[in-house]
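Student: Just work-v7.txt, nothing more (compact mmCIF, C-alpha atoms):
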```
# COMPACT_ATOMS: atom_id res chain seq x y z
CA MET A 1 17.93 -25.49 -4.28
CA LYS A 2 17.72 -22.95 -1.45
CA PRO A 3 14.84 -23.29 1.03
CA LEU A 4 11.85 -21.13 0.15
CA GLN A 5 12.39 -18.74 3.08
CA GLU A 6 15.88 -17.88 1.81
CA ASN A 7 14.40 -16.65 -1.49
CA ILE A 8 12.41 -13.89 0.23
CA GLU A 9 13.86 -10.68 1.66
CA PRO A 10 11.62 -9.62 4.58
CA LYS A 11 12.90 -6.03 4.68
CA LYS A 12 11.52 -5.43 1.16
CA TRP A 13 8.00 -6.06 2.48
CA GLU A 14 8.10 -3.90 5.59
CA LYS A 15 7.47 -0.47 4.08
CA MET A 16 5.21 -1.66 1.27
CA ILE A 17 2.74 -3.37 3.56
CA GLU A 18 2.96 -0.63 6.19
CA ILE A 19 3.86 -3.03 8.95
CA LYS A 20 3.28 -1.27 12.23
CA GLN A 21 6.54 -0.47 13.95
CA VAL A 22 6.15 -1.45 17.55
CA GLN A 23 8.53 -1.35 20.48
CA ARG A 24 8.65 -4.81 22.01
CA VAL A 25 4.88 -5.17 22.00
CA ASP A 26 4.42 -7.74 19.28
CA ALA A 27 4.27 -11.51 19.13
CA THR A 28 5.35 -13.82 16.34
CA VAL A 29 5.00 -17.52 15.74
CA VAL A 30 8.71 -17.45 15.35
CA GLY A 31 10.35 -20.60 14.00
CA PRO A 32 14.08 -19.86 13.78
CA GLY A 33 13.36 -16.12 13.81
CA ARG A 34 14.63 -14.90 10.42
CA PHE A 35 11.48 -12.89 9.66
CA ALA A 36 10.92 -11.93 13.29
CA GLU A 37 14.41 -10.44 13.50
CA ALA A 38 14.07 -8.54 10.21
CA LEU A 39 10.72 -7.04 11.25
CA GLY A 40 11.78 -6.15 14.77
CA SER A 41 9.60 -8.63 16.63
CA GLY A 42 10.24 -8.65 20.34
CA PHE A 43 8.67 -11.94 21.34
CA GLY A 44 8.18 -15.27 19.61
CA ILE A 45 6.54 -18.61 20.24
CA ASP A 46 6.98 -22.00 18.62
CA PRO A 47 5.97 -25.50 19.71
CA ALA A 48 9.44 -26.87 18.85
CA PHE A 49 12.39 -26.10 21.08
CA ALA A 50 15.17 -26.19 18.42
CA PRO A 51 13.87 -23.18 16.42
CA LEU A 52 13.40 -21.25 19.66
CA GLU A 53 17.08 -21.71 20.46
CA ILE A 54 18.00 -20.17 17.08
CA ALA A 55 15.49 -17.33 17.51
CA GLY A 56 16.94 -16.61 20.95
CA THR A 57 20.34 -15.95 19.37
CA ARG A 58 18.64 -13.22 17.30
CA ASN A 59 17.67 -11.19 20.40
CA ILE A 60 14.06 -12.38 20.37
CA ARG A 61 12.51 -13.37 23.68
CA VAL A 62 10.97 -16.81 23.19
CA CYS A 63 8.44 -19.14 24.77
CA GLN A 64 7.51 -22.70 23.86
CA ALA A 65 3.80 -22.64 23.05
CA ILE A 66 1.27 -23.36 20.30
CA GLY A 67 -0.66 -20.80 18.26
CA GLU A 68 -3.99 -22.37 19.20
CA ALA A 69 -3.46 -21.48 22.89
CA LEU A 70 -1.33 -18.34 23.17
CA PRO A 71 0.04 -17.75 26.68
CA PHE A 72 -0.87 -14.04 26.67
CA GLY A 73 -3.70 -11.96 28.06
CA ASP A 74 -6.42 -10.36 25.96
CA SER A 75 -5.50 -7.21 24.00
CA THR A 76 -1.79 -7.55 24.82
CA TYR A 77 -0.09 -6.90 21.46
CA ALA A 78 -0.11 -4.22 18.78
CA ARG A 79 1.03 -6.73 16.14
CA VAL A 80 0.92 -10.48 15.68
CA SER A 81 3.00 -11.94 12.83
CA LEU A 82 2.46 -15.39 11.33
CA PHE A 83 4.98 -16.30 8.61
CA PHE A 84 4.98 -19.85 7.18
CA THR A 85 2.65 -20.83 10.03
CA LEU A 86 -0.89 -21.67 8.88
CA CYS A 87 0.25 -24.69 6.86
CA PHE A 88 1.80 -26.30 9.95
CA VAL A 89 -0.83 -25.77 12.65
CA GLN A 90 -3.52 -28.28 13.57
CA ASN A 91 -6.31 -25.71 13.71
CA PRO A 92 -5.75 -22.57 11.59
CA ALA A 93 -9.07 -21.03 12.63
CA ALA A 94 -8.12 -21.36 16.30
CA VAL A 95 -4.72 -19.75 15.64
CA LEU A 96 -6.37 -16.77 13.96
CA SER A 97 -8.96 -16.55 16.75
CA GLU A 98 -6.15 -16.47 19.32
CA ALA A 99 -4.32 -13.81 17.29
CA SER A 100 -7.46 -11.70 17.35
CA ARG A 101 -7.87 -12.23 21.09
CA VAL A 102 -4.36 -11.04 21.97
CA LEU A 103 -4.40 -8.11 19.52
CA GLN A 104 -5.17 -4.65 20.81
CA GLU A 105 -8.22 -2.91 19.30
CA GLU A 106 -6.20 -1.18 16.55
CA GLY A 107 -3.77 -4.10 16.32
CA GLN A 108 -2.40 -5.60 13.14
CA LEU A 109 -2.13 -9.19 11.97
CA VAL A 110 0.70 -9.76 9.47
CA LEU A 111 0.38 -13.13 7.72
CA GLY A 112 2.75 -14.65 5.16
CA PHE A 113 1.94 -17.89 3.36
CA VAL A 114 2.70 -20.03 0.31
CA PRO A 115 -0.44 -20.34 -1.86
CA ALA A 116 -1.26 -23.97 -2.64
CA THR A 117 -1.86 -23.10 -6.30
CA SER A 118 1.59 -21.55 -6.85
CA GLN A 119 4.61 -23.41 -8.25
CA TRP A 120 6.12 -23.25 -4.76
CA GLY A 121 2.95 -24.56 -3.12
CA MET A 122 2.76 -27.47 -5.57
CA ASN A 123 6.47 -28.16 -5.03
CA LEU A 124 6.01 -28.32 -1.26
CA GLN A 125 2.88 -30.48 -1.65
CA GLN A 126 4.92 -32.88 -3.77
CA LYS A 127 7.58 -33.00 -1.05
CA LYS A 128 4.84 -33.85 1.45
CA GLU A 129 3.51 -36.63 -0.78
CA ASN A 130 7.05 -37.98 -1.19
CA GLY A 131 7.35 -38.32 2.59
CA HIS A 132 9.52 -35.30 3.42
CA PRO A 133 9.51 -35.26 7.25
CA PHE A 134 9.26 -31.46 7.53
CA TYR A 135 6.13 -31.29 5.36
CA GLU A 136 4.42 -34.58 6.25
CA HIS A 137 1.71 -32.83 8.31
CA ALA A 138 1.56 -29.59 6.32
CA ARG A 139 -1.63 -28.35 4.66
CA PHE A 140 -1.25 -25.66 2.04
CA PHE A 141 -4.06 -23.16 1.55
CA THR A 142 -5.34 -21.35 -1.50
CA VAL A 143 -5.67 -17.56 -1.50
CA GLU A 144 -9.45 -17.93 -1.27
CA GLU A 145 -9.21 -20.30 1.72
CA VAL A 146 -7.00 -17.82 3.58
CA LYS A 147 -9.40 -14.95 2.82
CA THR A 148 -12.30 -17.05 4.13
CA LEU A 149 -10.42 -18.01 7.31
CA LEU A 150 -9.59 -14.37 8.01
CA THR A 151 -13.16 -13.19 7.43
CA GLU A 152 -14.61 -15.97 9.60
CA GLN A 153 -12.28 -14.97 12.44
CA GLY A 154 -13.27 -11.30 12.24
CA PHE A 155 -10.34 -9.83 10.31
CA LEU A 156 -10.49 -7.11 7.67
CA LEU A 157 -7.81 -7.17 4.95
CA LYS A 158 -5.95 -3.87 4.62
CA THR A 159 -2.95 -4.55 2.38
CA THR A 160 -1.75 -7.52 0.35
CA LEU A 161 1.51 -8.17 -1.49
CA SER A 162 2.80 -11.02 -3.61
CA SER A 163 6.24 -12.16 -4.72
CA LEU A 164 8.38 -15.13 -5.72
CA TYR A 165 7.27 -15.77 -9.29
CA GLN A 166 10.47 -17.59 -10.20
CA ALA A 167 10.16 -21.36 -10.11
CA PRO A 168 11.65 -23.47 -7.32
CA GLY A 169 15.33 -24.07 -8.06
CA GLU A 170 15.42 -21.23 -10.59
CA VAL A 171 15.55 -18.14 -8.38
CA ALA A 172 18.16 -15.86 -9.91
CA GLN A 173 17.51 -12.76 -7.81
CA MET A 174 15.32 -11.43 -5.03
CA GLU A 175 12.03 -10.01 -6.32
CA ALA A 176 10.32 -6.84 -5.22
CA PRO A 177 6.84 -7.51 -3.83
CA GLN A 178 3.89 -6.59 -6.05
CA PRO A 179 0.55 -5.21 -4.79
CA GLY A 180 -2.26 -7.74 -4.52
CA MET A 181 -2.90 -11.30 -3.39
CA ASP A 182 -1.84 -13.41 -6.38
CA LYS A 183 -2.65 -17.14 -6.32
CA ASP A 184 0.31 -17.80 -8.65
CA ALA A 185 2.90 -16.05 -6.45
CA GLY A 186 5.15 -18.26 -4.37
CA PHE A 187 4.68 -16.08 -1.32
CA VAL A 188 1.88 -13.72 -0.23
CA VAL A 189 1.95 -11.33 2.73
CA LEU A 190 -1.08 -9.51 4.04
CA ALA A 191 -1.88 -7.07 6.78
CA ALA A 192 -5.28 -7.22 8.48
CA THR A 193 -7.02 -5.62 11.43
CA LYS A 194 -9.89 -6.72 13.59
CA ALA A 195 -13.17 -5.86 11.83
```
Would you mind giving the structure from this file in structure tokens?
Tutor:
Amino acid sequence: MKPLQENIEPKKWEKMIEIKQVQRVDATVVGPGRFAEALGSGFGIDPAFAPLEIAGTRNIRVCQAIGEALPFGDSTYARVSLFFTLCFVQNPAAVLSEASRVLQEEGQLVLGFVPATSQWGMNLQQKKENGHPFYEHARFFTVEEVKTLLTEQGFLLKTTLSSLYQAPGEVAQMEAPQPGMDKDAGFVVLAATKA
């Protein structure tokens, strides 16, 4: 079975969610950089060094840091992207607060996550419970929990898209994203601005 991230084509989301095109003025919690590269992110952070090395090979400037304490000044970026991030951070509210702090006034938060209630979310939760080292500290959120977190941190949802309705291990083809924030989708992407 391919990893979840390999079942999603980031370029299919870009135009549908109206991701702001920015010239090297965005920040991403980057991981190995697959989504950051596809969306033209210029700078990425991650607490782990190994993913930063991979992201660096994708022409992304990188810095070892955590999302709860971004090493950037206020109102620095036009876009902050968080893909597959909230489930791995210690304090999701602090990460979103920091994203808001570093975003410019008209800036955009782009957030991608696996809903806990989806087949993919339940599959990853099972991996966690079975002791998978990558997911042992993960916490998967429902669509409603993510909406609440965003609202509490002063974000206003603008656009939402959902995809990955095929079950884990049964993905036959890439799916086009559908409008809306569907709790049964394996992957949801949203764009939000500061309220």
Student: From the options A:His132, A:Lys127, A:Arg58, A:Arg139, which residue's atoms come nearest to Pro92 (chain A), counting only C-alpha atoms?
Tutor: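 Checking each candidate against Pro92 (chain A), we get A:Arg139 as the closest.
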Student: Work out how far CA of Gly31 (chain A) is from CA of Ser100 (chain A), in Å to one decimal.
Tutor: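 Between these atoms lies a distance of 20.2 Å.
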Student: Neighbourhood query: residues within 9 Å of (2.7, -17.3, -2.8), file coordinates, counting only C-alpha atoms; return as a list in words.
Tutor: Gly112, Phe113, Val114, Pro115, Ala116, Thr117, Ser118, Gln119, Trp120, Gly121, Val143, Ser162, Ser163, Leu164, Tyr165, Met181, Asp182, Lys183, Asp184, Ala185, Gly186, Phe187, Val188 and Val189 of chain A
Student: In the coordinate frame of the file, compute which residues have an atom within 12 Å of (-2.8, -13.9, 18.5) when using only C-alpha atoms, and state them as a PyMOL selection string.
Tutor: chain A and resi 26-29+43-45+65-82+92-104+107-111+153+155+193-194
Student: Between A:Leu190, A:Asp46, A:Pro32, A:Ile54, which is the closest to Leu157 (chain A) once you count only C-alpha atoms?
Tutor: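 Ranking A:Leu190, A:Asp46, A:Pro32, A:Ile54 by distance to Leu157 (chain A), first place goes to A:Leu190.
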Student: Which value, in Å to one decimal, gives the distance between CA of Pro51 (chain A) and CA of Gln64 (chain A)?
Tutor: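 We find that CA of Pro51 (chain A) and CA of Gln64 (chain A) lie 9.8 Å from each other.
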Student: Quick check, in Å to one decimal: how far apart do CA of Met174 (chain A) and CA of Lys147 (chain A) lie?
Tutor: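 One can read the CA of Met174 (chain A) to CA of Lys147 (chain A) distance as 26.2 Å.
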Student: For region 164-179 of chain A, take all atoms listed in the file, fit an axis-aligned box around them, add 8 Å to each of the six sides, then output centre and edge lengths in Å rounded to one decimal, as JSON.
Tutor:
```
{"center_x": 9.4, "center_y": -14.6, "center_z": -7.2, "size_x": 33.6, "size_y": 34.9, "size_z": 22.8}
```
